[in-house]
Structure formats: C-alpha cells, structure tokens
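Everything below belongs to input.txt, which stores compact mmCIF, N, CA and C atoms.
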# COMPACT_ATOMS: atom_id res chain seq x y z
N MET A 732 225.43 84.08 49.65
CA MET A 732 225.13 83.00 50.54
C MET A 732 224.16 83.42 51.64
N ALA A 733 224.43 84.58 52.24
CA ALA A 733 223.56 85.03 53.33
C ALA A 733 223.43 86.55 53.34
N CYS A 734 223.60 87.16 52.19
CA CYS A 734 223.55 88.62 52.13
C CYS A 734 222.18 89.17 52.52
N PHE A 735 221.14 88.36 52.42
CA PHE A 735 219.79 88.80 52.77
C PHE A 735 219.62 89.04 54.27
N ILE A 736 220.54 88.54 55.08
CA ILE A 736 220.44 88.71 56.52
C ILE A 736 220.64 90.17 56.92
N VAL A 737 221.50 90.89 56.22
CA VAL A 737 221.78 92.29 56.57
C VAL A 737 220.56 93.17 56.32
N PRO A 738 219.96 93.19 55.10
CA PRO A 738 218.76 93.99 54.94
C PRO A 738 217.59 93.46 55.78
N GLY A 739 217.57 92.17 56.05
CA GLY A 739 216.53 91.61 56.92
C GLY A 739 216.65 92.13 58.34
N THR A 740 217.86 92.24 58.83
CA THR A 740 218.10 92.79 60.16
C THR A 740 217.71 94.27 60.21
N GLU A 741 218.08 95.01 59.17
CA GLU A 741 217.68 96.42 59.10
C GLU A 741 216.16 96.54 59.03
N ALA A 742 215.51 95.62 58.35
CA ALA A 742 214.05 95.63 58.26
C ALA A 742 213.42 95.41 59.63
N ILE A 743 214.00 94.54 60.43
CA ILE A 743 213.49 94.31 61.78
C ILE A 743 213.60 95.59 62.61
N VAL A 744 214.76 96.24 62.56
CA VAL A 744 214.97 97.47 63.31
C VAL A 744 214.03 98.57 62.81
N ALA A 745 213.91 98.70 61.49
CA ALA A 745 213.02 99.72 60.92
C ALA A 745 211.56 99.46 61.28
N SER A 746 211.16 98.22 61.36
CA SER A 746 209.79 97.88 61.75
C SER A 746 209.51 98.28 63.18
N ILE A 747 210.48 98.06 64.05
CA ILE A 747 210.33 98.46 65.45
C ILE A 747 210.22 99.97 65.56
N VAL A 748 211.08 100.68 64.84
CA VAL A 748 211.05 102.15 64.85
C VAL A 748 209.72 102.64 64.28
N GLU A 749 209.24 102.00 63.21
CA GLU A 749 207.96 102.39 62.61
C GLU A 749 206.82 102.27 63.62
N LYS A 750 206.79 101.18 64.37
CA LYS A 750 205.74 100.99 65.39
C LYS A 750 205.84 102.06 66.47
N ALA A 751 207.05 102.39 66.90
CA ALA A 751 207.25 103.41 67.93
C ALA A 751 206.81 104.78 67.42
N VAL A 752 207.17 105.11 66.19
CA VAL A 752 206.78 106.40 65.60
C VAL A 752 205.27 106.47 65.42
N ALA A 753 204.65 105.38 65.00
CA ALA A 753 203.20 105.35 64.81
C ALA A 753 202.48 105.61 66.13
N SER A 754 202.94 104.98 67.20
CA SER A 754 202.27 105.20 68.49
C SER A 754 202.50 106.62 68.99
N LYS A 755 203.69 107.17 68.72
CA LYS A 755 203.99 108.55 69.12
C LYS A 755 203.13 109.54 68.33
N GLU A 756 202.98 109.30 67.03
CA GLU A 756 202.15 110.18 66.19
C GLU A 756 200.69 110.09 66.60
N ASP A 757 200.23 108.90 66.98
CA ASP A 757 198.85 108.74 67.43
C ASP A 757 198.62 109.43 68.77
N GLU A 758 199.65 109.38 69.62
CA GLU A 758 199.56 109.99 70.94
C GLU A 758 199.37 111.50 70.87
N ASN A 759 200.22 112.15 70.08
CA ASN A 759 200.18 113.61 70.05
C ASN A 759 199.33 114.18 68.91
N GLY A 760 198.71 113.34 68.12
CA GLY A 760 197.79 113.80 67.08
C GLY A 760 198.47 114.40 65.86
N SER A 761 199.77 114.25 65.75
CA SER A 761 200.48 114.84 64.61
C SER A 761 200.15 114.15 63.30
N ALA A 762 199.74 112.89 63.34
CA ALA A 762 199.39 112.17 62.12
C ALA A 762 198.15 112.79 61.49
N LYS A 763 197.14 113.07 62.31
CA LYS A 763 195.90 113.66 61.78
C LYS A 763 196.18 115.05 61.24
N LYS A 764 197.03 115.80 61.92
CA LYS A 764 197.37 117.16 61.47
C LYS A 764 198.11 117.11 60.13
N ALA A 765 199.05 116.17 60.01
CA ALA A 765 199.83 116.05 58.77
C ALA A 765 198.92 115.66 57.60
N VAL A 766 198.01 114.74 57.84
CA VAL A 766 197.08 114.30 56.78
C VAL A 766 196.18 115.46 56.37
N ALA A 767 195.72 116.23 57.35
CA ALA A 767 194.86 117.38 57.06
C ALA A 767 195.59 118.43 56.23
N GLU A 768 196.91 118.54 56.44
CA GLU A 768 197.71 119.51 55.69
C GLU A 768 198.20 118.94 54.36
N GLY A 769 197.86 117.70 54.07
CA GLY A 769 198.27 117.08 52.81
C GLY A 769 199.71 116.58 52.84
N LYS A 770 200.26 116.41 54.03
CA LYS A 770 201.63 115.93 54.17
C LYS A 770 201.63 114.42 54.44
N ILE A 771 202.78 113.83 54.26
CA ILE A 771 202.94 112.40 54.49
C ILE A 771 203.55 112.21 55.88
N THR A 772 202.97 111.34 56.67
CA THR A 772 203.45 111.12 58.04
C THR A 772 204.74 110.31 58.03
N TRP A 773 205.47 110.40 59.14
CA TRP A 773 206.70 109.62 59.26
C TRP A 773 206.40 108.13 59.32
N LYS A 774 205.26 107.77 59.84
CA LYS A 774 204.88 106.36 59.87
C LYS A 774 204.76 105.83 58.44
N GLN A 775 204.15 106.64 57.56
CA GLN A 775 204.02 106.23 56.17
C GLN A 775 205.39 106.15 55.49
N LYS A 776 206.24 107.13 55.77
CA LYS A 776 207.58 107.13 55.18
C LYS A 776 208.38 105.92 55.63
N LEU A 777 208.28 105.60 56.92
CA LEU A 777 208.99 104.43 57.42
C LEU A 777 208.40 103.14 56.87
N SER A 778 207.10 103.15 56.57
CA SER A 778 206.51 101.95 55.98
C SER A 778 207.07 101.68 54.58
N TRP A 779 207.45 102.75 53.87
CA TRP A 779 208.10 102.56 52.57
C TRP A 779 209.42 101.83 52.76
N LEU A 780 210.21 102.28 53.74
CA LEU A 780 211.51 101.66 54.00
C LEU A 780 211.35 100.21 54.39
N THR A 781 210.44 99.92 55.31
CA THR A 781 210.28 98.54 55.75
C THR A 781 209.79 97.65 54.61
N ALA A 782 208.90 98.17 53.78
CA ALA A 782 208.42 97.37 52.65
C ALA A 782 209.55 97.07 51.67
N MET A 783 210.37 98.07 51.40
CA MET A 783 211.50 97.85 50.48
C MET A 783 212.49 96.85 51.06
N LEU A 784 212.79 96.98 52.35
CA LEU A 784 213.76 96.07 52.97
C LEU A 784 213.21 94.66 53.10
N TRP A 785 211.97 94.51 53.58
CA TRP A 785 211.39 93.17 53.72
C TRP A 785 211.26 92.50 52.36
N GLY A 786 210.80 93.26 51.36
CA GLY A 786 210.65 92.69 50.02
C GLY A 786 211.98 92.24 49.44
N GLY A 787 212.98 93.09 49.57
CA GLY A 787 214.31 92.74 49.05
C GLY A 787 214.90 91.54 49.77
N ALA A 788 214.78 91.52 51.08
CA ALA A 788 215.32 90.39 51.85
C ALA A 788 214.60 89.09 51.49
N ALA A 789 213.28 89.17 51.32
CA ALA A 789 212.51 87.96 50.95
C ALA A 789 212.92 87.44 49.58
N LEU A 790 213.04 88.35 48.62
CA LEU A 790 213.45 87.92 47.28
C LEU A 790 214.85 87.31 47.28
N LEU A 791 215.76 87.93 48.03
CA LEU A 791 217.11 87.37 48.12
C LEU A 791 217.11 86.01 48.80
N ALA A 792 216.31 85.86 49.85
CA ALA A 792 216.24 84.57 50.53
C ALA A 792 215.69 83.49 49.59
N LEU A 793 214.66 83.83 48.83
CA LEU A 793 214.12 82.87 47.86
C LEU A 793 215.16 82.49 46.81
N GLU A 794 215.92 83.47 46.36
CA GLU A 794 216.97 83.20 45.37
C GLU A 794 218.02 82.26 45.95
N HIS A 795 218.39 82.48 47.21
CA HIS A 795 219.38 81.61 47.84
C HIS A 795 218.82 80.21 48.10
N ILE A 796 217.54 80.12 48.40
CA ILE A 796 216.91 78.80 48.55
C ILE A 796 216.92 78.08 47.20
N TRP A 797 216.58 78.81 46.15
CA TRP A 797 216.54 78.25 44.80
C TRP A 797 217.90 77.67 44.41
N HIS A 798 218.97 78.36 44.79
CA HIS A 798 220.32 77.92 44.42
C HIS A 798 220.91 76.93 45.41
N GLY A 799 220.14 76.55 46.43
CA GLY A 799 220.60 75.55 47.37
C GLY A 799 221.55 76.06 48.44
N GLU A 800 221.67 77.38 48.57
CA GLU A 800 222.57 77.95 49.58
C GLU A 800 221.89 78.04 50.95
N VAL A 801 220.56 78.02 50.95
CA VAL A 801 219.78 78.01 52.17
C VAL A 801 218.88 76.79 52.10
N VAL A 802 218.89 76.01 53.18
CA VAL A 802 218.08 74.80 53.24
C VAL A 802 217.14 74.90 54.43
N LEU A 803 216.11 74.09 54.45
CA LEU A 803 215.10 74.16 55.50
C LEU A 803 215.38 73.22 56.67
N TYR A 804 216.63 72.83 56.83
CA TYR A 804 217.04 72.00 57.96
C TYR A 804 218.40 72.52 58.46
N PRO A 805 218.74 72.25 59.72
CA PRO A 805 219.99 72.77 60.28
C PRO A 805 221.18 72.31 59.46
N PRO A 806 222.15 73.13 59.27
CA PRO A 806 222.40 74.47 59.81
C PRO A 806 221.74 75.59 59.01
N PHE A 807 220.82 75.31 58.15
CA PHE A 807 220.03 76.25 57.35
C PHE A 807 220.87 76.96 56.28
N LEU A 808 222.00 77.51 56.66
CA LEU A 808 222.91 78.10 55.68
C LEU A 808 223.97 77.07 55.36
N THR A 809 224.05 76.63 54.11
CA THR A 809 225.00 75.58 53.75
C THR A 809 226.44 76.03 53.97
N ALA A 810 226.68 77.33 53.99
CA ALA A 810 228.03 77.84 54.22
C ALA A 810 228.49 77.62 55.66
N MET A 811 227.56 77.27 56.54
CA MET A 811 227.93 77.04 57.94
C MET A 811 228.52 75.64 58.16
N SER A 812 228.57 74.84 57.12
CA SER A 812 229.04 73.46 57.28
C SER A 812 230.55 73.36 57.45
N ASN A 813 231.33 74.31 56.91
CA ASN A 813 232.77 74.29 57.15
C ASN A 813 233.31 75.71 57.28
N ALA A 814 234.47 75.83 57.88
CA ALA A 814 235.03 77.14 58.23
C ALA A 814 235.36 77.98 57.00
N ALA A 815 235.82 77.38 55.94
CA ALA A 815 236.18 78.14 54.74
C ALA A 815 234.94 78.79 54.13
N ASP A 816 233.84 78.05 54.06
CA ASP A 816 232.60 78.61 53.53
C ASP A 816 232.02 79.67 54.46
N THR A 817 232.17 79.47 55.76
CA THR A 817 231.67 80.45 56.72
C THR A 817 232.39 81.78 56.56
N SER A 818 233.68 81.73 56.34
CA SER A 818 234.46 82.95 56.11
C SER A 818 233.99 83.67 54.85
N ALA A 819 233.74 82.93 53.81
CA ALA A 819 233.23 83.53 52.56
C ALA A 819 231.85 84.13 52.77
N MET A 820 231.02 83.44 53.55
CA MET A 820 229.67 83.93 53.83
C MET A 820 229.73 85.25 54.60
N LEU A 821 230.57 85.32 55.62
CA LEU A 821 230.69 86.55 56.41
C LEU A 821 231.23 87.69 55.55
N HIS A 822 232.15 87.36 54.65
CA HIS A 822 232.67 88.40 53.73
C HIS A 822 231.56 88.91 52.82
N GLU A 823 230.74 88.00 52.30
CA GLU A 823 229.62 88.41 51.44
C GLU A 823 228.62 89.27 52.21
N MET A 824 228.34 88.89 53.45
CA MET A 824 227.41 89.67 54.26
C MET A 824 227.96 91.08 54.51
N SER A 825 229.26 91.18 54.79
CA SER A 825 229.85 92.48 55.11
C SER A 825 230.07 93.35 53.89
N THR A 826 230.09 92.78 52.72
CA THR A 826 230.27 93.60 51.51
C THR A 826 228.96 93.74 50.75
N VAL A 827 228.46 92.67 50.21
CA VAL A 827 227.25 92.72 49.39
C VAL A 827 226.02 93.06 50.23
N GLY A 828 225.86 92.42 51.37
CA GLY A 828 224.70 92.67 52.22
C GLY A 828 224.63 94.10 52.70
N VAL A 829 225.76 94.61 53.18
CA VAL A 829 225.80 96.00 53.65
C VAL A 829 225.56 96.96 52.49
N ALA A 830 226.15 96.69 51.34
CA ALA A 830 225.96 97.56 50.18
C ALA A 830 224.49 97.60 49.76
N MET A 831 223.83 96.45 49.80
CA MET A 831 222.40 96.42 49.43
C MET A 831 221.56 97.19 50.44
N ALA A 832 221.82 97.01 51.72
CA ALA A 832 221.06 97.71 52.75
C ALA A 832 221.27 99.22 52.65
N VAL A 833 222.51 99.63 52.43
CA VAL A 833 222.81 101.06 52.30
C VAL A 833 222.15 101.64 51.06
N THR A 834 222.18 100.92 49.95
CA THR A 834 221.56 101.40 48.72
C THR A 834 220.06 101.59 48.90
N VAL A 835 219.39 100.63 49.50
CA VAL A 835 217.95 100.74 49.74
C VAL A 835 217.67 101.94 50.64
N THR A 836 218.48 102.14 51.67
CA THR A 836 218.28 103.25 52.60
C THR A 836 218.50 104.59 51.91
N VAL A 837 219.50 104.69 51.06
CA VAL A 837 219.77 105.94 50.33
C VAL A 837 218.62 106.24 49.37
N ILE A 838 218.11 105.23 48.70
CA ILE A 838 216.96 105.43 47.81
C ILE A 838 215.75 105.89 48.61
N TRP A 839 215.54 105.31 49.78
CA TRP A 839 214.43 105.73 50.66
C TRP A 839 214.60 107.18 51.09
N ILE A 840 215.82 107.57 51.45
CA ILE A 840 216.07 108.96 51.85
C ILE A 840 215.72 109.90 50.71
N ALA A 841 216.09 109.54 49.49
CA ALA A 841 215.73 110.36 48.32
C ALA A 841 214.22 110.44 48.17
N MET A 842 213.54 109.33 48.37
CA MET A 842 212.07 109.33 48.28
C MET A 842 211.46 110.26 49.33
N VAL A 843 211.99 110.23 50.54
CA VAL A 843 211.48 111.09 51.62
C VAL A 843 211.71 112.56 51.29
N LEU A 844 212.91 112.88 50.81
CA LEU A 844 213.21 114.27 50.46
C LEU A 844 212.30 114.78 49.35
N ILE A 845 212.08 113.94 48.35
CA ILE A 845 211.19 114.33 47.25
C ILE A 845 209.76 114.49 47.76
N SER A 846 209.31 113.55 48.58
CA SER A 846 207.92 113.62 49.06
C SER A 846 207.70 114.84 49.95
N ASP A 847 208.74 115.30 50.63
CA ASP A 847 208.60 116.50 51.46
C ASP A 847 208.42 117.76 50.62
N HIS A 848 208.89 117.74 49.39
CA HIS A 848 208.79 118.91 48.53
C HIS A 848 207.56 118.90 47.62
N VAL A 849 206.91 117.78 47.47
CA VAL A 849 205.75 117.68 46.59
C VAL A 849 204.60 118.60 47.03
N PRO A 850 204.23 118.66 48.32
CA PRO A 850 203.13 119.57 48.70
C PRO A 850 203.44 121.04 48.38
N ALA A 851 204.68 121.46 48.56
CA ALA A 851 205.05 122.84 48.25
C ALA A 851 204.94 123.10 46.75
N ILE A 852 205.33 122.14 45.95
CA ILE A 852 205.25 122.28 44.49
C ILE A 852 203.79 122.34 44.07
N LYS A 853 202.96 121.47 44.65
CA LYS A 853 201.52 121.49 44.33
C LYS A 853 200.91 122.84 44.70
N LYS A 854 201.32 123.36 45.85
CA LYS A 854 200.79 124.64 46.31
C LYS A 854 201.19 125.76 45.36
N LYS A 855 202.43 125.76 44.90
CA LYS A 855 202.90 126.77 43.95
C LYS A 855 202.13 126.68 42.64
N LEU A 856 201.95 125.45 42.18
CA LEU A 856 201.22 125.25 40.91
C LEU A 856 199.77 125.69 41.03
N ALA A 857 199.16 125.36 42.14
CA ALA A 857 197.76 125.75 42.34
C ALA A 857 197.64 127.26 42.45
N GLY A 858 198.60 127.89 43.10
CA GLY A 858 198.59 129.35 43.23
C GLY A 858 198.88 130.05 41.92
N GLY A 859 199.72 129.45 41.09
CA GLY A 859 200.08 130.03 39.81
C GLY A 859 198.97 129.92 38.79
N VAL A 860 198.13 128.89 38.90
CA VAL A 860 197.05 128.67 37.95
C VAL A 860 195.89 129.62 38.22
N ALA A 861 195.60 129.85 39.47
CA ALA A 861 194.44 130.67 39.86
C ALA A 861 194.66 132.10 39.60
Using structure tokens, write down the structure from this file.
Amino acid sequence: MACFIVPGTEAIVASIVEKAVASKEDENGSAKKAVAEGKITWKQKLSWLTAMLWGGAALLALEHIWHGEVVLYPPFLTAMSNAADTSAMLHEMSTVGVAMAVTVTVIWIAMVLISDHVPAIKKKLAGGVA
C-alpha cells in the first residue's frame, strides 16, 4: 500500500548526504585526487545508492498507482480512508518497506566493497603481465 515511502525517505536522506559529501570533496580536492588515482569518489558511490533507492521507490509508487492503492487526490493513499486499512498500511511499511530499503542498502554496501578492491586487482594484474 505504501511500502515505497520507506525507500523514498531513505533516498531523500541519501541525496542530502550525497550533496554534503560532494561539496566536502570539492572543498578539499579529494575528488580530483581520487580520480587521478583511478579510485571512485564517495560522491559517485552515494549516487549509486540514491539512484537505486529513487528508482525502486518510483517503480513501487507506479505499481501502487496502477493497482489503485495510490490516487492523485486526497488522501492520496487509499488506506488512509479507514483505521483498519491504515493499520495494515503501517504494518506493510514497517515490514516490507524496511526490508526493501535494507536490502537495497546491503547490495550497495557490497557494490562499494567490491569497487574498493577493483583498482588493487587491476594493479596486480598489470604488474603480473609486465
């Protein structure tokens, strides 16, 4: 019913953090240094997370609109029309929504860990070939 709100909220927070990290990296020049060393900046890594979260939240919102659970007039969420549906909606948000947000974040963490090791692997391969 409204599970897309949880990853959407995380996407908002991640977007704010991404902007703060980008300005900090620009301030101290660490972004240029990382690019020169062939590394991926934290701004880029956070952009992966925000893209995954925004994309997932948008697709879920469209799916809920398609099924008539979200409408374009107040109260917007059809589950808000009575207390029994609101309780079910909150339960879905706290279970399914949180599970989706955590899953996306765990996948992003794996992507970051792998991307941190790719330059070292490339360096080893280049050194082993020469």
Legend entry - Test item, alpha helix (DSSP H) assignment across range 733-849 of chain A, answer as number ranges by chain: A: 736-759, 761-767, 773-797, 814-823, 829-849
Inset, instruction - Pick out the residues sitting within 12 Å of His798 in chain A, and hand them over as JSON, numbers by chain; count only C-alpha atoms, and ignore anything fewer than 5 positions along from it in its own chain. - result: {"A": [732, 733, 791, 792, 793, 808, 809]}
Inset, instruction - Considering all atoms listed in the file, state which residue in the set A:Trp839, A:Phe735, A:Trp773, A:Tyr804 is at the smallest distance from Ala788 in chain A. - result: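 Closest residue, counting all atoms listed in the file: A:Phe735.
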Inset, instruction - For CA of Ala851 in chain A and CA of Ala762 in chain A, determine how far apart the two atoms are, in Å to one decimal place. - result: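 A separation of 18.4 Å between them.
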Legend entry - Nearest-residue call for Trp779 in chain A, choices A:Thr826, A:Ile840, A:Lys764, A:Trp797, using only C-alpha atoms: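 For Trp779 in chain A, the nearest of the given residues is A:Ile840.
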Legend entry - Two-atom distance - CA of Glu800 in chain A, CA of Leu780 in chain A (Å):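 So the answer is 26.5 Å.
If you look at atom C of Glu741 in chain A and CA of Leu784 in chain A, they are 6.5 Å away from each other.
Of the residues under consideration (A:Val737, A:Ile771, A:Asp816, A:Glu749), A:Ile771 shows the shortest atom-to-atom contact distance to Leu844 in chain A when counting only C-alpha atoms.
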Legend entry - For Thr740 in chain A, the nearest of the candidates A:Gly858, A:Pro806, A:Gly799, A:Gly787, counting only C-alpha atoms: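 Distance minimum relative to Thr740 in chain A lands on A:Gly787.
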Inset, instruction - Can you pull out every residue within 7 Å of Trp785 in chain A, counting only N, CA and C atoms, but drop anything in the same chain fewer than 6 positions away, and send it as a PyMOL selection string? - result: chain A and resi 738-739+742
Selected range 809-844 of chain A, written as a PDB file, in the first residue's frame, N, CA and C atoms:
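This is the output file selection_38.pdb:
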ATOM      1  N   THR A 809      -5.131   5.277  -0.447  1.00  0.00           N
ATOM      2  CA  THR A 809      -6.494   4.805  -0.196  1.00  0.00           C
ATOM      3  C   THR A 809      -6.605   4.124   1.164  1.00  0.00           C
ATOM      4  N   ALA A 810      -5.501   3.646   1.706  1.00  0.00           N
ATOM      5  CA  ALA A 810      -5.521   3.002   3.019  1.00  0.00           C
ATOM      6  C   ALA A 810      -5.767   4.003   4.145  1.00  0.00           C
ATOM      7  N   MET A 811      -5.657   5.287   3.845  1.00  0.00           N
ATOM      8  CA  MET A 811      -5.884   6.303   4.874  1.00  0.00           C
ATOM      9  C   MET A 811      -7.374   6.586   5.092  1.00  0.00           C
ATOM     10  N   SER A 812      -8.229   5.939   4.321  1.00  0.00           N
ATOM     11  CA  SER A 812      -9.658   6.235   4.418  1.00  0.00           C
ATOM     12  C   SER A 812     -10.308   5.629   5.656  1.00  0.00           C
ATOM     13  N   ASN A 813      -9.773   4.523   6.194  1.00  0.00           N
ATOM     14  CA  ASN A 813     -10.321   3.999   7.446  1.00  0.00           C
ATOM     15  C   ASN A 813      -9.200   3.420   8.309  1.00  0.00           C
ATOM     16  N   ALA A 814      -9.480   3.284   9.589  1.00  0.00           N
ATOM     17  CA  ALA A 814      -8.456   2.902  10.565  1.00  0.00           C
ATOM     18  C   ALA A 814      -7.912   1.494  10.328  1.00  0.00           C
ATOM     19  N   ALA A 815      -8.739   0.574   9.919  1.00  0.00           N
ATOM     20  CA  ALA A 815      -8.281  -0.803   9.704  1.00  0.00           C
ATOM     21  C   ALA A 815      -7.264  -0.855   8.562  1.00  0.00           C
ATOM     22  N   ASP A 816      -7.535  -0.144   7.480  1.00  0.00           N
ATOM     23  CA  ASP A 816      -6.599  -0.109   6.359  1.00  0.00           C
ATOM     24  C   ASP A 816      -5.321   0.645   6.720  1.00  0.00           C
ATOM     25  N   THR A 817      -5.441   1.682   7.538  1.00  0.00           N
ATOM     26  CA  THR A 817      -4.262   2.435   7.959  1.00  0.00           C
ATOM     27  C   THR A 817      -3.330   1.556   8.768  1.00  0.00           C
ATOM     28  N   SER A 818      -3.883   0.733   9.632  1.00  0.00           N
ATOM     29  CA  SER A 818      -3.076  -0.197  10.424  1.00  0.00           C
ATOM     30  C   SER A 818      -2.345  -1.189   9.523  1.00  0.00           C
ATOM     31  N   ALA A 819      -3.024  -1.698   8.530  1.00  0.00           N
ATOM     32  CA  ALA A 819      -2.392  -2.624   7.580  1.00  0.00           C
ATOM     33  C   ALA A 819      -1.299  -1.927   6.779  1.00  0.00           C
ATOM     34  N   MET A 820      -1.551  -0.676   6.410  1.00  0.00           N
ATOM     35  CA  MET A 820      -0.560   0.096   5.662  1.00  0.00           C
ATOM     36  C   MET A 820       0.701   0.313   6.493  1.00  0.00           C
ATOM     37  N   LEU A 821       0.535   0.699   7.749  1.00  0.00           N
ATOM     38  CA  LEU A 821       1.691   0.917   8.620  1.00  0.00           C
ATOM     39  C   LEU A 821       2.467  -0.380   8.845  1.00  0.00           C
ATOM     40  N   HIS A 822       1.735  -1.483   8.950  1.00  0.00           N
ATOM     41  CA  HIS A 822       2.407  -2.789   9.094  1.00  0.00           C
ATOM     42  C   HIS A 822       3.213  -3.118   7.840  1.00  0.00           C
ATOM     43  N   GLU A 823       2.647  -2.860   6.666  1.00  0.00           N
ATOM     44  CA  GLU A 823       3.368  -3.107   5.415  1.00  0.00           C
ATOM     45  C   GLU A 823       4.612  -2.223   5.309  1.00  0.00           C
ATOM     46  N   MET A 824       4.479  -0.966   5.707  1.00  0.00           N
ATOM     47  CA  MET A 824       5.622  -0.062   5.659  1.00  0.00           C
ATOM     48  C   MET A 824       6.733  -0.541   6.595  1.00  0.00           C
ATOM     49  N   SER A 825       6.355  -1.003   7.791  1.00  0.00           N
ATOM     50  CA  SER A 825       7.361  -1.414   8.771  1.00  0.00           C
ATOM     51  C   SER A 825       7.972  -2.772   8.468  1.00  0.00           C
ATOM     52  N   THR A 826       7.334  -3.569   7.660  1.00  0.00           N
ATOM     53  CA  THR A 826       7.906  -4.876   7.313  1.00  0.00           C
ATOM     54  C   THR A 826       8.471  -4.865   5.899  1.00  0.00           C
ATOM     55  N   VAL A 827       7.618  -4.744   4.921  1.00  0.00           N
ATOM     56  CA  VAL A 827       8.049  -4.807   3.525  1.00  0.00           C
ATOM     57  C   VAL A 827       8.907  -3.605   3.148  1.00  0.00           C
ATOM     58  N   GLY A 828       8.479  -2.409   3.510  1.00  0.00           N
ATOM     59  CA  GLY A 828       9.228  -1.200   3.165  1.00  0.00           C
ATOM     60  C   GLY A 828      10.614  -1.188   3.770  1.00  0.00           C
ATOM     61  N   VAL A 829      10.700  -1.519   5.054  1.00  0.00           N
ATOM     62  CA  VAL A 829      12.003  -1.556   5.719  1.00  0.00           C
ATOM     63  C   VAL A 829      12.875  -2.650   5.116  1.00  0.00           C
ATOM     64  N   ALA A 830      12.299  -3.808   4.842  1.00  0.00           N
ATOM     65  CA  ALA A 830      13.068  -4.907   4.246  1.00  0.00           C
ATOM     66  C   ALA A 830      13.626  -4.513   2.875  1.00  0.00           C
ATOM     67  N   MET A 831      12.823  -3.814   2.086  1.00  0.00           N
ATOM     68  CA  MET A 831      13.296  -3.376   0.762  1.00  0.00           C
ATOM     69  C   MET A 831      14.420  -2.357   0.894  1.00  0.00           C
ATOM     70  N   ALA A 832      14.270  -1.398   1.791  1.00  0.00           N
ATOM     71  CA  ALA A 832      15.294  -0.378   1.977  1.00  0.00           C
ATOM     72  C   ALA A 832      16.599  -0.997   2.483  1.00  0.00           C
ATOM     73  N   VAL A 833      16.485  -1.921   3.419  1.00  0.00           N
ATOM     74  CA  VAL A 833      17.681  -2.592   3.953  1.00  0.00           C
ATOM     75  C   VAL A 833      18.348  -3.430   2.874  1.00  0.00           C
ATOM     76  N   THR A 834      17.571  -4.138   2.076  1.00  0.00           N
ATOM     77  CA  THR A 834      18.136  -4.964   1.005  1.00  0.00           C
ATOM     78  C   THR A 834      18.898  -4.111  -0.002  1.00  0.00           C
ATOM     79  N   VAL A 835      18.320  -3.004  -0.421  1.00  0.00           N
ATOM     80  CA  VAL A 835      18.992  -2.112  -1.367  1.00  0.00           C
ATOM     81  C   VAL A 835      20.288  -1.587  -0.753  1.00  0.00           C
ATOM     82  N   THR A 836      20.254  -1.216   0.519  1.00  0.00           N
ATOM     83  CA  THR A 836      21.434  -0.677   1.184  1.00  0.00           C
ATOM     84  C   THR A 836      22.527  -1.736   1.314  1.00  0.00           C
ATOM     85  N   VAL A 837      22.160  -2.958   1.626  1.00  0.00           N
ATOM     86  CA  VAL A 837      23.144  -4.047   1.737  1.00  0.00           C
ATOM     87  C   VAL A 837      23.771  -4.329   0.374  1.00  0.00           C
ATOM     88  N   ILE A 838      22.979  -4.329  -0.671  1.00  0.00           N
ATOM     89  CA  ILE A 838      23.518  -4.527  -2.023  1.00  0.00           C
ATOM     90  C   ILE A 838      24.472  -3.396  -2.378  1.00  0.00           C
ATOM     91  N   TRP A 839      24.123  -2.168  -2.013  1.00  0.00           N
ATOM     92  CA  TRP A 839      25.002  -1.015  -2.260  1.00  0.00           C
ATOM     93  C   TRP A 839      26.310  -1.162  -1.496  1.00  0.00           C
ATOM     94  N   ILE A 840      26.240  -1.605  -0.243  1.00  0.00           N
ATOM     95  CA  ILE A 840      27.466  -1.810   0.546  1.00  0.00           C
ATOM     96  C   ILE A 840      28.364  -2.829  -0.141  1.00  0.00           C
ATOM     97  N   ALA A 841      27.778  -3.905  -0.652  1.00  0.00           N
ATOM     98  CA  ALA A 841      28.563  -4.907  -1.387  1.00  0.00           C
ATOM     99  C   ALA A 841      29.202  -4.283  -2.628  1.00  0.00           C
ATOM    100  N   MET A 842      28.449  -3.454  -3.331  1.00  0.00           N
ATOM    101  CA  MET A 842      28.999  -2.780  -4.515  1.00  0.00           C
ATOM    102  C   MET A 842      30.182  -1.887  -4.143  1.00  0.00           C
ATOM    103  N   VAL A 843      30.064  -1.162  -3.037  1.00  0.00           N
ATOM    104  CA  VAL A 843      31.142  -0.276  -2.585  1.00  0.00           C
ATOM    105  C   VAL A 843      32.376  -1.088  -2.211  1.00  0.00           C
ATOM    106  N   LEU A 844      32.181  -2.176  -1.475  1.00  0.00           N
ATOM    107  CA  LEU A 844      33.316  -3.010  -1.077  1.00  0.00           C
ATOM    108  C   LEU A 844      34.028  -3.603  -2.292  1.00  0.00           C
TER     109      LEU A 844
END
